[in-house]
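With compact mmCIF, C-alpha atoms inside, this is work-v2.txt:
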```
# COMPACT_ATOMS: atom_id res chain seq x y z
CA MET U 234 46.55 -7.31 32.79
CA ARG U 235 43.97 -8.08 30.12
CA LYS U 236 43.35 -5.30 27.67
CA GLN U 237 39.73 -4.16 27.49
CA PRO U 238 38.18 -4.59 24.04
CA THR U 239 37.91 -1.40 22.06
CA PRO U 240 34.26 -0.43 21.36
CA HIS U 241 33.29 -0.96 17.74
CA VAL U 242 33.47 2.36 15.91
CA PHE U 243 30.94 2.98 13.17
CA THR U 244 31.34 5.77 10.67
CA TYR U 245 29.06 6.55 7.76
CA ARG U 246 31.85 5.69 5.31
CA ARG U 247 32.37 2.29 6.88
CA VAL U 248 28.68 1.43 6.94
CA VAL U 249 28.30 2.40 3.28
CA GLU U 250 31.24 0.18 2.36
CA ARG U 251 29.73 -2.79 4.17
CA LEU U 252 26.38 -2.40 2.43
CA VAL U 253 28.02 -1.95 -0.98
CA ASP U 254 30.07 -5.12 -0.44
CA SER U 255 26.80 -6.97 0.31
CA GLY U 256 25.24 -5.85 -2.98
CA VAL U 257 22.74 -3.45 -1.42
CA GLU U 258 21.31 -0.87 -3.79
CA ASN U 259 21.00 2.67 -2.46
CA ALA U 260 23.71 1.85 0.08
CA MET U 261 24.43 5.51 0.81
CA LEU U 262 20.84 6.37 1.68
CA ASP U 263 20.29 3.15 3.60
CA ALA U 264 23.43 3.68 5.66
CA ALA U 265 22.36 7.19 6.62
CA CYS U 266 18.87 6.00 7.57
CA LEU U 267 20.20 3.16 9.71
CA MET U 268 22.65 5.41 11.52
CA GLU U 269 19.96 7.99 12.18
CA ALA U 270 17.59 5.32 13.54
CA ALA U 271 20.24 3.84 15.80
CA SER U 272 21.71 7.08 17.12
CA GLY U 273 19.01 9.72 16.87
CA ILE U 274 21.47 11.94 15.00
CA PRO U 275 19.99 13.49 11.82
CA ARG U 276 21.16 11.57 8.75
CA TRP U 277 22.43 14.66 6.94
CA GLN U 278 25.15 15.08 9.56
CA PHE U 279 26.65 11.73 8.59
CA ILE U 280 26.45 12.55 4.89
CA LEU U 281 28.24 15.86 5.43
CA ASP U 282 30.89 14.24 7.64
CA PRO U 283 31.47 10.61 6.53
CA GLU U 284 33.94 10.07 9.37
CA GLN U 285 31.50 11.02 12.13
CA SER U 286 30.86 8.08 14.42
CA ILE U 287 27.85 7.25 16.55
CA PRO U 288 27.92 6.96 20.36
CA SER U 289 29.49 3.68 21.44
CA ASP U 290 26.42 2.70 23.48
CA ARG U 291 24.41 2.60 20.23
CA SER U 292 26.88 0.40 18.37
CA CYS U 293 25.22 -2.93 19.18
CA LEU U 294 21.87 -1.73 17.87
CA LEU U 295 23.45 -0.41 14.68
CA GLU U 296 25.43 -3.62 14.16
CA SER U 297 22.19 -5.61 14.38
CA MET U 298 20.52 -3.33 11.83
CA ILE U 299 23.49 -3.51 9.47
CA CYS U 300 23.57 -7.31 9.63
CA ARG U 301 19.89 -7.47 8.75
CA ARG U 302 20.40 -5.16 5.78
CA GLU U 303 23.46 -7.11 4.66
CA ALA U 304 21.18 -10.15 4.60
CA ARG U 305 19.04 -8.08 2.20
CA GLU U 306 16.13 -7.54 4.55
CA PRO U 307 14.30 -4.42 3.33
CA ILE U 308 15.18 -1.32 5.30
CA ALA U 309 11.47 -0.54 5.79
CA TYR U 310 11.10 -3.74 7.82
CA ILE U 311 14.24 -2.96 9.81
CA LEU U 312 13.01 0.53 10.66
CA GLY U 313 9.38 -0.63 11.00
CA VAL U 314 8.02 2.30 9.01
CA LYS U 315 7.56 3.40 5.40
CA GLU U 316 6.33 6.75 4.14
CA PHE U 317 3.53 6.75 1.57
CA TRP U 318 1.73 9.88 0.37
CA SER U 319 3.70 11.72 3.09
CA LEU U 320 2.09 9.47 5.72
CA PRO U 321 4.33 7.48 8.12
CA LEU U 322 2.99 3.92 8.01
CA THR U 323 3.94 1.00 10.24
CA VAL U 324 5.03 -2.07 8.25
CA ASP U 325 6.23 -5.55 9.11
CA HIS U 326 6.62 -8.89 7.35
CA ASP U 327 2.84 -9.42 7.21
CA VAL U 328 2.42 -6.68 4.60
CA LEU U 329 3.99 -5.56 1.37
CA ILE U 330 6.06 -2.40 1.60
CA PRO U 331 4.19 0.44 -0.16
CA ARG U 332 5.89 1.51 -3.40
CA PRO U 333 6.12 5.06 -4.75
CA GLU U 334 4.50 3.99 -8.01
CA THR U 335 1.33 3.08 -6.11
CA GLU U 336 0.85 6.78 -5.45
CA THR U 337 -0.12 6.93 -9.14
CA LEU U 338 -3.33 5.11 -8.21
CA VAL U 339 -4.14 7.74 -5.58
CA GLU U 340 -3.43 10.50 -8.10
CA ALA U 341 -5.68 8.85 -10.69
CA VAL U 342 -8.54 8.58 -8.20
CA LEU U 343 -8.26 12.21 -7.16
CA GLU U 344 -8.11 13.28 -10.78
CA LYS U 345 -11.12 11.22 -11.90
CA ILE U 346 -13.30 11.52 -8.83
CA GLY U 347 -12.84 14.95 -7.28
CA PHE U 348 -15.28 16.16 -4.65
CA GLY U 349 -18.39 16.72 -6.74
CA PHE U 350 -19.09 13.01 -6.86
CA ARG U 351 -22.56 11.66 -6.12
CA VAL U 352 -22.54 9.29 -3.19
CA SER U 353 -24.35 6.47 -1.48
CA SER U 354 -25.33 6.01 2.16
CA PHE U 355 -24.16 3.02 4.20
CA GLU U 356 -24.07 1.85 7.77
CA PHE U 357 -21.36 -0.32 9.27
CA ASP U 358 -22.37 -3.29 11.38
CA ARG U 359 -19.43 -3.58 13.79
CA ASP U 360 -20.69 -6.84 15.29
CA SER U 361 -20.74 -8.68 11.99
CA SER U 362 -17.94 -6.62 10.38
CA ARG U 363 -20.11 -6.23 7.30
CA LEU U 364 -21.49 -3.39 5.26
CA THR U 365 -25.23 -2.98 4.91
CA ALA U 366 -26.64 -0.89 2.08
CA GLY U 367 -28.84 2.11 2.71
CA SER U 368 -30.61 4.45 0.34
CA VAL U 369 -28.83 5.79 -2.70
CA ASN U 370 -28.44 9.56 -2.70
CA SER U 371 -28.66 10.96 -6.20
CA LYS U 372 -27.79 14.49 -5.14
CA PRO U 373 -24.27 15.91 -5.23
CA GLU U 374 -22.13 15.38 -2.16
CA THR U 375 -23.03 17.54 0.81
CA ARG U 376 -21.21 18.21 4.07
CA ASN U 377 -23.06 15.37 5.80
CA SER U 378 -22.88 12.85 2.92
CA LYS U 379 -20.21 10.19 2.60
CA LEU U 380 -18.27 9.05 -0.41
CA VAL U 381 -18.00 5.27 -0.01
CA ILE U 382 -14.65 3.76 -0.97
CA VAL U 383 -13.59 0.11 -0.81
CA ASP U 384 -9.91 -0.86 -0.91
CA LEU U 385 -9.47 -4.55 -1.75
CA GLY U 386 -6.28 -6.15 -0.42
CA THR U 387 -5.40 -3.14 1.69
CA GLY U 388 -2.17 -4.49 3.21
CA CYS U 389 -0.86 -1.84 5.58
CA GLY U 390 -3.71 0.46 4.51
CA ALA U 391 -1.62 2.80 2.36
CA ILE U 392 -4.16 3.47 -0.41
CA ALA U 393 -7.15 3.57 1.92
CA LEU U 394 -5.48 6.04 4.27
CA ALA U 395 -4.14 8.29 1.52
CA LEU U 396 -7.63 8.58 0.02
CA ALA U 397 -9.20 9.17 3.43
CA VAL U 398 -6.77 12.00 4.11
CA GLU U 399 -7.44 13.62 0.74
CA MET U 400 -11.22 13.10 0.89
CA PRO U 401 -12.33 14.27 4.34
CA HIS U 402 -15.97 13.28 3.72
CA ALA U 403 -15.16 9.76 2.53
CA LEU U 404 -16.05 6.58 4.37
CA VAL U 405 -13.41 3.95 3.56
CA TYR U 406 -13.52 0.17 4.00
CA ALA U 407 -10.08 -1.44 3.91
CA ILE U 408 -10.41 -5.17 3.24
CA ASP U 409 -7.73 -7.86 3.49
CA ARG U 410 -7.90 -11.60 4.03
CA SER U 411 -4.69 -11.66 6.09
CA PRO U 412 -5.13 -11.29 9.87
CA GLY U 413 -1.60 -9.92 10.09
CA ALA U 414 -2.27 -7.29 7.44
CA CYS U 415 -5.48 -6.23 9.19
CA ARG U 416 -3.54 -5.88 12.44
CA ILE U 417 -1.06 -3.52 10.80
CA ALA U 418 -3.74 -1.60 8.89
CA ARG U 419 -5.74 -1.02 12.07
CA ARG U 420 -2.62 0.21 13.83
CA ASN U 421 -2.03 2.74 11.05
CA ILE U 422 -5.67 3.81 11.01
CA GLU U 423 -5.52 4.47 14.74
CA SER U 424 -2.17 6.26 14.67
CA LEU U 425 -3.46 8.66 12.01
CA GLY U 426 -6.67 9.33 13.96
CA LEU U 427 -8.95 8.00 11.21
CA THR U 428 -10.90 5.31 13.09
CA SER U 429 -14.19 7.14 12.56
CA ARG U 430 -13.90 7.03 8.78
CA VAL U 431 -11.65 4.09 7.88
CA HIS U 432 -12.74 0.59 8.88
CA CYS U 433 -10.53 -2.44 8.33
CA VAL U 434 -12.51 -5.60 7.58
CA GLN U 435 -10.96 -9.06 7.33
CA GLY U 436 -12.16 -11.10 4.36
CA ASP U 437 -11.36 -12.31 0.87
CA LEU U 438 -11.96 -9.55 -1.70
CA PHE U 439 -15.72 -8.96 -1.93
CA ASP U 440 -16.79 -11.52 0.66
CA PRO U 441 -17.38 -8.90 3.42
CA LEU U 442 -19.61 -6.95 1.02
CA ARG U 443 -22.11 -9.72 0.28
CA THR U 444 -24.91 -8.01 2.18
CA ILE U 445 -24.94 -4.99 -0.15
CA ASP U 446 -28.01 -5.11 -2.39
CA ALA U 447 -27.68 -5.97 -6.07
CA GLY U 448 -28.26 -2.33 -7.02
CA GLY U 449 -24.72 -1.44 -6.05
CA GLY U 450 -23.65 1.11 -3.50
CA CYS U 451 -19.89 1.76 -3.52
CA ASP U 452 -18.73 4.91 -5.24
CA LEU U 453 -15.19 3.70 -5.72
CA ILE U 454 -13.44 0.33 -5.64
CA VAL U 455 -9.65 0.42 -5.66
CA SER U 456 -7.09 -2.36 -5.51
CA ASN U 457 -3.42 -3.11 -5.87
CA PRO U 458 -3.82 -6.90 -6.07
CA PRO U 459 -1.11 -9.57 -6.33
CA TYR U 460 0.02 -9.46 -9.97
CA ILE U 461 3.39 -11.21 -10.27
CA PRO U 462 3.10 -14.40 -12.38
CA SER U 463 3.74 -17.43 -10.18
CA GLY U 464 6.76 -18.53 -12.19
CA ALA U 465 8.42 -15.13 -11.82
CA CYS U 466 8.16 -14.84 -8.03
CA SER U 467 11.40 -16.72 -7.35
CA ALA U 468 13.31 -14.39 -9.69
CA LEU U 469 12.43 -11.27 -7.72
CA SER U 470 15.13 -9.42 -5.83
CA PRO U 471 16.23 -11.00 -2.51
CA GLU U 472 14.57 -8.14 -0.60
CA ILE U 473 11.21 -9.14 -2.09
CA ALA U 474 11.46 -12.90 -2.61
CA ALA U 475 12.90 -13.71 0.81
CA TYR U 476 11.03 -11.24 3.00
CA GLU U 477 7.74 -9.94 1.60
CA PRO U 478 4.59 -12.11 1.90
CA ILE U 479 4.30 -14.33 -1.16
CA GLU U 480 0.49 -14.36 -0.97
CA ALA U 481 0.52 -10.61 -1.59
CA LEU U 482 2.71 -11.03 -4.68
CA ASP U 483 1.61 -14.19 -6.51
CA GLY U 484 -1.06 -13.38 -9.09
CA GLY U 485 -1.40 -16.88 -10.51
CA PRO U 486 0.09 -18.41 -13.67
CA ASP U 487 -0.36 -15.28 -15.79
CA GLY U 488 -0.53 -12.72 -13.01
CA LEU U 489 -4.17 -11.93 -13.78
CA ARG U 490 -5.99 -14.21 -11.32
CA TYR U 491 -7.21 -11.44 -9.03
CA TYR U 492 -8.00 -8.99 -11.81
CA ARG U 493 -10.45 -11.52 -13.27
CA ARG U 494 -12.21 -11.93 -9.94
CA ILE U 495 -12.33 -8.24 -9.13
CA ILE U 496 -13.47 -7.10 -12.57
CA GLU U 497 -16.14 -9.81 -12.82
CA GLU U 498 -17.64 -9.08 -9.41
CA ALA U 499 -17.18 -5.31 -9.12
CA PRO U 500 -20.28 -4.24 -11.13
CA ALA U 501 -22.56 -5.77 -8.49
CA TYR U 502 -21.13 -3.45 -5.85
CA LEU U 503 -20.49 -0.23 -7.74
CA ARG U 504 -23.27 2.29 -8.12
CA GLU U 505 -23.98 3.70 -11.59
CA GLY U 506 -21.27 6.23 -12.35
CA GLY U 507 -18.88 4.74 -9.80
CA TRP U 508 -15.30 3.84 -10.66
CA LEU U 509 -13.07 0.78 -10.53
CA THR U 510 -9.38 1.70 -10.29
CA LEU U 511 -6.62 -0.92 -10.37
CA GLU U 512 -2.85 -0.84 -10.17
CA VAL U 513 -1.27 -3.13 -12.77
CA GLY U 514 2.18 -4.61 -13.30
CA ASP U 515 4.51 -3.83 -16.18
CA GLY U 516 2.93 -4.81 -19.49
CA GLN U 517 -0.39 -5.90 -17.95
CA ALA U 518 -2.51 -2.87 -18.82
CA PRO U 519 -3.74 -4.15 -22.24
CA ALA U 520 -4.85 -7.50 -20.77
CA VAL U 521 -6.61 -5.86 -17.83
CA MET U 522 -8.33 -3.35 -20.12
CA GLU U 523 -9.50 -6.23 -22.29
CA LEU U 524 -10.98 -7.95 -19.22
CA VAL U 525 -12.88 -4.73 -18.47
CA ARG U 526 -14.07 -4.46 -22.07
CA LYS U 527 -15.50 -7.99 -21.98
CA THR U 528 -17.33 -7.42 -18.68
CA GLU U 529 -20.89 -6.12 -18.88
CA GLY U 530 -21.47 -3.00 -16.81
CA PHE U 531 -18.32 -0.99 -17.48
CA GLY U 532 -17.72 1.96 -19.75
CA PRO U 533 -14.47 2.36 -21.71
CA ALA U 534 -11.34 1.77 -19.64
CA GLY U 535 -8.50 4.25 -19.41
CA VAL U 536 -4.90 4.04 -18.30
CA ARG U 537 -2.55 6.31 -16.35
CA GLN U 538 1.22 6.15 -16.43
CA ASP U 539 3.56 6.43 -13.46
CA VAL U 540 6.50 8.86 -13.26
CA ALA U 541 8.68 6.35 -15.13
CA GLY U 542 6.29 6.38 -18.10
CA ARG U 543 4.95 2.87 -17.47
CA ASP U 544 1.24 2.08 -17.67
CA ARG U 545 0.47 1.72 -13.97
CA VAL U 546 -3.26 2.24 -13.37
CA VAL U 547 -6.34 1.03 -15.25
CA PHE U 548 -9.67 2.68 -14.44
CA ALA U 549 -13.21 2.28 -15.74
CA PRO U 550 -16.62 3.76 -14.88
CA ARG U 551 -19.66 1.71 -13.89
CA ARG U 552 -22.28 2.01 -16.60
CA GLY U 553 -25.92 1.00 -16.21
CA ARG U 554 -27.48 -0.68 -13.19
CA ALA U 555 -25.93 -3.51 -11.23
CA HIS U 556 -27.69 -6.82 -11.36
CA GLY U 557 -27.61 -9.89 -9.21
```

Please lay out the structure from this file as structure tokens.
Amino acid sequence: MRKQPTPHVFTYRRVVERLVDSGVENAMLDAACLMEAASGIPRWQFILDPEQSIPSDRSCLLESMICRREAREPIAYILGVKEFWSLPLTVDHDVLIPRPETETLVEAVLEKIGFGFRVSSFEFDRDSSRLTAGSVNSKPETRNSKLVIVDLGTGCGAIALALAVEMPHALVYAIDRSPGACRIARRNIESLGLTSRVHCVQGDLFDPLRTIDAGGGCDLIVSNPPYIPSGACSALSPEIAAYEPIEALDGGPDGLRYYRRIIEEAPAYLREGGWLTLEVGDGQAPAVMELVRKTEGFGPAGVRQDVAGRDRVVFAPRRGRAHG
């Protein structure tokens, strides 16, 4: 009589060992997250009892997840979700995974802007997926006024959605040239119930904004653009180089390609007193600040550090009137 195969038994200790052997960083946390996702059992139970196993009928699903992580696929893609600013965001291979350091950009905006900001009035043409400029309101924000924010290269919508949640009177336009990224961003906008205030528009940087008049109109332009120098992309960790979209990483030969475009064009779309706020890579803040300094229309640039003490965000106010 043939002996029936014994169901594969997974314990937290064994999963951790497999991930460690594959060179996975944060193997202990990743193992707990994978076991929770596969079994529905809270992760802390596995951490408290490393020998606790999951139900045998969930073993095949967990084995598949473990194999993907052993191949160095990011756990956020395996789970299909990543938390940013305490918001659960859907992610897949069409978008970069939001990083904790990007929350520094949100913090900088909230610190510099606040809620006493003067705003502009816009309408959204859904048929053409373009913004059309209305009259500029020089009075302080009122209950019925809208702070107009543009997020360039929105990806999964992390920055746009965090700002929309924190600024309940803001109207946010999340722009990305990738159809896949727009698909994910729209899914996150809908799941968070923000479709009335956050609009995802497909296009390359400022292209969807061409119908705004030369006098400006946006109160805030934010971006976390691609900033890895082209030659350094292949040296990134396997989780990034093999799985995340290269077009969202490659910033050109010196990593500054998109900063030049954004900084040069932004004054035409920012109202007087508006702000440009940019995430930057390690060591890039001086070069980006110099680009701002050389561009007519901006006041002095400032910088904000992330929790690790690295210069992470460059911001500058719009000074004077936009011109076309």

Task: Contacts of Thr428 (chain U) within 12 Å, only C-alpha atoms, excl. fewer than 2 positions in-chain, as a ChimeraX atom specification - done: /U:393-394,397-398,404-407,418-426,430-433

TODO: Compile the contact shell of Ile382 (chain U) as a list in words: residues with an atom at most 8 Å away, counting only C-alpha atoms, same-chain residues fewer than 2 positions apart removed.
DONE: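 Selected residues are Leu380, Asp384, Ala403, Leu404, Val405, Tyr406, Cys451, Asp452, Leu453, Ile454 and Val455 of chain U.
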
Task: Test item: which residues lie within 12 Å of (19.4, -0.3, -1.9) counting only C-alpha atoms, as a list in words - done: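 Residues close enough to count: Val249, Leu252, Val253, Asp254, Ser255, Gly256, Val257, Glu258, Asn259, Ala260, Met261, Leu262, Asp263, Ala264, Ala265, Cys266, Arg302, Glu303, Ala304, Arg305, Glu306, Pro307, Ile308, Ala309, Ser470, Pro471 and Glu472 of chain U.
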
Task: Selection: 7 Å around Val324 (chain U), only C-alpha atoms, excl. self and same-chain fewer than 4 positions, as a ChimeraX atom specification - done: /U:310,313-315,328,330,389,417

TODO: Could you check which of U:Ile496, U:Ala391, U:Leu312, U:Ile461 is closest to Gly516 (chain U), using all atoms listed in the file?
DONE: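 Comparing U:Ile496, U:Ala391, U:Leu312, U:Ile461 against Gly516 (chain U), the winner is U:Ile461.
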
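A straight line drawn from CA of Ala481 (chain U) to CA of Pro459 (chain U) is 5.1 Å long.
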
As a PDB file, in the frame of the given file, please: region 504-515 of chain U completed to all heavy atoms.
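selection_0.pdb, freshly written:
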```pdb
ATOM      1  N   ARG U 504     -22.076   1.595  -7.676  1.00  0.00           N
ATOM      2  CA  ARG U 504     -23.270   2.290  -8.120  1.00  0.00           C
ATOM      3  C   ARG U 504     -23.028   2.809  -9.540  1.00  0.00           C
ATOM      4  O   ARG U 504     -21.891   2.903 -10.011  1.00  0.00           O
ATOM      5  CB  ARG U 504     -23.596   3.457  -7.201  1.00  0.00           C
ATOM      6  CG  ARG U 504     -22.637   4.628  -7.365  1.00  0.00           C
ATOM      7  CD  ARG U 504     -23.226   5.882  -6.735  1.00  0.00           C
ATOM      8  NE  ARG U 504     -22.379   7.014  -7.026  1.00  0.00           N
ATOM      9  CZ  ARG U 504     -22.449   7.723  -8.145  1.00  0.00           C
ATOM     10  NH1 ARG U 504     -23.304   7.394  -9.092  1.00  0.00           N
ATOM     11  NH2 ARG U 504     -21.647   8.759  -8.328  1.00  0.00           N
ATOM     12  N   GLU U 505     -24.098   3.148 -10.245  1.00  0.00           N
ATOM     13  CA  GLU U 505     -23.980   3.700 -11.590  1.00  0.00           C
ATOM     14  C   GLU U 505     -23.163   4.985 -11.527  1.00  0.00           C
ATOM     15  O   GLU U 505     -23.423   5.871 -10.722  1.00  0.00           O
ATOM     16  CB  GLU U 505     -25.358   3.984 -12.168  1.00  0.00           C
ATOM     17  CG  GLU U 505     -25.325   4.452 -13.607  1.00  0.00           C
ATOM     18  CD  GLU U 505     -26.713   4.622 -14.192  1.00  0.00           C
ATOM     19  OE1 GLU U 505     -27.677   4.279 -13.485  1.00  0.00           O
ATOM     20  OE2 GLU U 505     -26.828   5.088 -15.334  1.00  0.00           O
ATOM     21  N   GLY U 506     -22.151   5.076 -12.357  1.00  0.00           N
ATOM     22  CA  GLY U 506     -21.270   6.230 -12.350  1.00  0.00           C
ATOM     23  C   GLY U 506     -20.089   6.094 -11.424  1.00  0.00           C
ATOM     24  O   GLY U 506     -19.215   6.957 -11.393  1.00  0.00           O
ATOM     25  N   GLY U 507     -20.037   4.983 -10.661  1.00  0.00           N
ATOM     26  CA  GLY U 507     -18.880   4.740  -9.800  1.00  0.00           C
ATOM     27  C   GLY U 507     -17.685   4.295 -10.616  1.00  0.00           C
ATOM     28  O   GLY U 507     -17.773   4.081 -11.834  1.00  0.00           O
ATOM     29  N   TRP U 508     -16.545   4.149  -9.952  1.00  0.00           N
ATOM     30  CA  TRP U 508     -15.300   3.840 -10.660  1.00  0.00           C
ATOM     31  C   TRP U 508     -14.596   2.640 -10.039  1.00  0.00           C
ATOM     32  O   TRP U 508     -14.568   2.475  -8.816  1.00  0.00           O
ATOM     33  CB  TRP U 508     -14.350   5.034 -10.615  1.00  0.00           C
ATOM     34  CG  TRP U 508     -14.764   6.168 -11.495  1.00  0.00           C
ATOM     35  CD1 TRP U 508     -15.647   7.164 -11.177  1.00  0.00           C
ATOM     36  CD2 TRP U 508     -14.331   6.422 -12.825  1.00  0.00           C
ATOM     37  NE1 TRP U 508     -15.783   8.027 -12.237  1.00  0.00           N
ATOM     38  CE2 TRP U 508     -14.977   7.600 -13.257  1.00  0.00           C
ATOM     39  CE3 TRP U 508     -13.451   5.774 -13.695  1.00  0.00           C
ATOM     40  CZ2 TRP U 508     -14.779   8.139 -14.534  1.00  0.00           C
ATOM     41  CZ3 TRP U 508     -13.247   6.313 -14.955  1.00  0.00           C
ATOM     42  CH2 TRP U 508     -13.908   7.472 -15.373  1.00  0.00           C
ATOM     43  N   LEU U 509     -14.001   1.830 -10.928  1.00  0.00           N
ATOM     44  CA  LEU U 509     -13.070   0.780 -10.530  1.00  0.00           C
ATOM     45  C   LEU U 509     -11.684   1.243 -10.948  1.00  0.00           C
ATOM     46  O   LEU U 509     -11.463   1.629 -12.098  1.00  0.00           O
ATOM     47  CB  LEU U 509     -13.414  -0.535 -11.241  1.00  0.00           C
ATOM     48  CG  LEU U 509     -12.418  -1.694 -11.030  1.00  0.00           C
ATOM     49  CD1 LEU U 509     -12.410  -2.132  -9.572  1.00  0.00           C
ATOM     50  CD2 LEU U 509     -12.768  -2.868 -11.944  1.00  0.00           C
ATOM     51  N   THR U 510     -10.742   1.225 -10.013  1.00  0.00           N
ATOM     52  CA  THR U 510      -9.380   1.700 -10.290  1.00  0.00           C
ATOM     53  C   THR U 510      -8.392   0.672  -9.780  1.00  0.00           C
ATOM     54  O   THR U 510      -8.400   0.312  -8.602  1.00  0.00           O
ATOM     55  CB  THR U 510      -9.131   3.063  -9.601  1.00  0.00           C
ATOM     56  OG1 THR U 510     -10.181   3.973  -9.950  1.00  0.00           O
ATOM     57  CG2 THR U 510      -7.804   3.642 -10.041  1.00  0.00           C
ATOM     58  N   LEU U 511      -7.513   0.196 -10.672  1.00  0.00           N
ATOM     59  CA  LEU U 511      -6.620  -0.920 -10.370  1.00  0.00           C
ATOM     60  C   LEU U 511      -5.177  -0.579 -10.711  1.00  0.00           C
ATOM     61  O   LEU U 511      -4.897  -0.067 -11.805  1.00  0.00           O
ATOM     62  CB  LEU U 511      -7.023  -2.160 -11.172  1.00  0.00           C
ATOM     63  CG  LEU U 511      -8.463  -2.663 -11.022  1.00  0.00           C
ATOM     64  CD1 LEU U 511      -8.771  -3.676 -12.109  1.00  0.00           C
ATOM     65  CD2 LEU U 511      -8.671  -3.278  -9.645  1.00  0.00           C
ATOM     66  N   GLU U 512      -4.257  -0.882  -9.795  1.00  0.00           N
ATOM     67  CA  GLU U 512      -2.850  -0.840 -10.170  1.00  0.00           C
ATOM     68  C   GLU U 512      -2.519  -2.105 -10.955  1.00  0.00           C
ATOM     69  O   GLU U 512      -3.034  -3.187 -10.653  1.00  0.00           O
ATOM     70  CB  GLU U 512      -1.951  -0.749  -8.937  1.00  0.00           C
ATOM     71  CG  GLU U 512      -0.472  -0.743  -9.305  1.00  0.00           C
ATOM     72  CD  GLU U 512       0.463  -0.458  -8.144  1.00  0.00           C
ATOM     73  OE1 GLU U 512       0.021   0.195  -7.175  1.00  0.00           O
ATOM     74  OE2 GLU U 512       1.635  -0.883  -8.211  1.00  0.00           O
ATOM     75  N   VAL U 513      -1.664  -1.977 -11.957  1.00  0.00           N
ATOM     76  CA  VAL U 513      -1.270  -3.130 -12.770  1.00  0.00           C
ATOM     77  C   VAL U 513       0.248  -3.207 -12.853  1.00  0.00           C
ATOM     78  O   VAL U 513       0.953  -2.211 -12.693  1.00  0.00           O
ATOM     79  CB  VAL U 513      -1.866  -3.050 -14.192  1.00  0.00           C
ATOM     80  CG1 VAL U 513      -3.390  -3.083 -14.121  1.00  0.00           C
ATOM     81  CG2 VAL U 513      -1.389  -1.800 -14.941  1.00  0.00           C
ATOM     82  N   GLY U 514       0.752  -4.407 -13.138  1.00  0.00           N
ATOM     83  CA  GLY U 514       2.180  -4.610 -13.300  1.00  0.00           C
ATOM     84  C   GLY U 514       2.635  -4.213 -14.692  1.00  0.00           C
ATOM     85  O   GLY U 514       1.825  -3.929 -15.590  1.00  0.00           O
ATOM     86  N   ASP U 515       3.937  -4.223 -14.890  1.00  0.00           N
ATOM     87  CA  ASP U 515       4.510  -3.830 -16.180  1.00  0.00           C
ATOM     88  C   ASP U 515       3.956  -4.722 -17.293  1.00  0.00           C
ATOM     89  O   ASP U 515       3.995  -5.950 -17.218  1.00  0.00           O
ATOM     90  CB  ASP U 515       6.029  -3.952 -16.139  1.00  0.00           C
ATOM     91  CG  ASP U 515       6.663  -2.924 -15.214  1.00  0.00           C
ATOM     92  OD1 ASP U 515       5.946  -2.004 -14.775  1.00  0.00           O
ATOM     93  OD2 ASP U 515       7.874  -3.048 -14.944  1.00  0.00           O
TER      94      ASP U 515
END
```
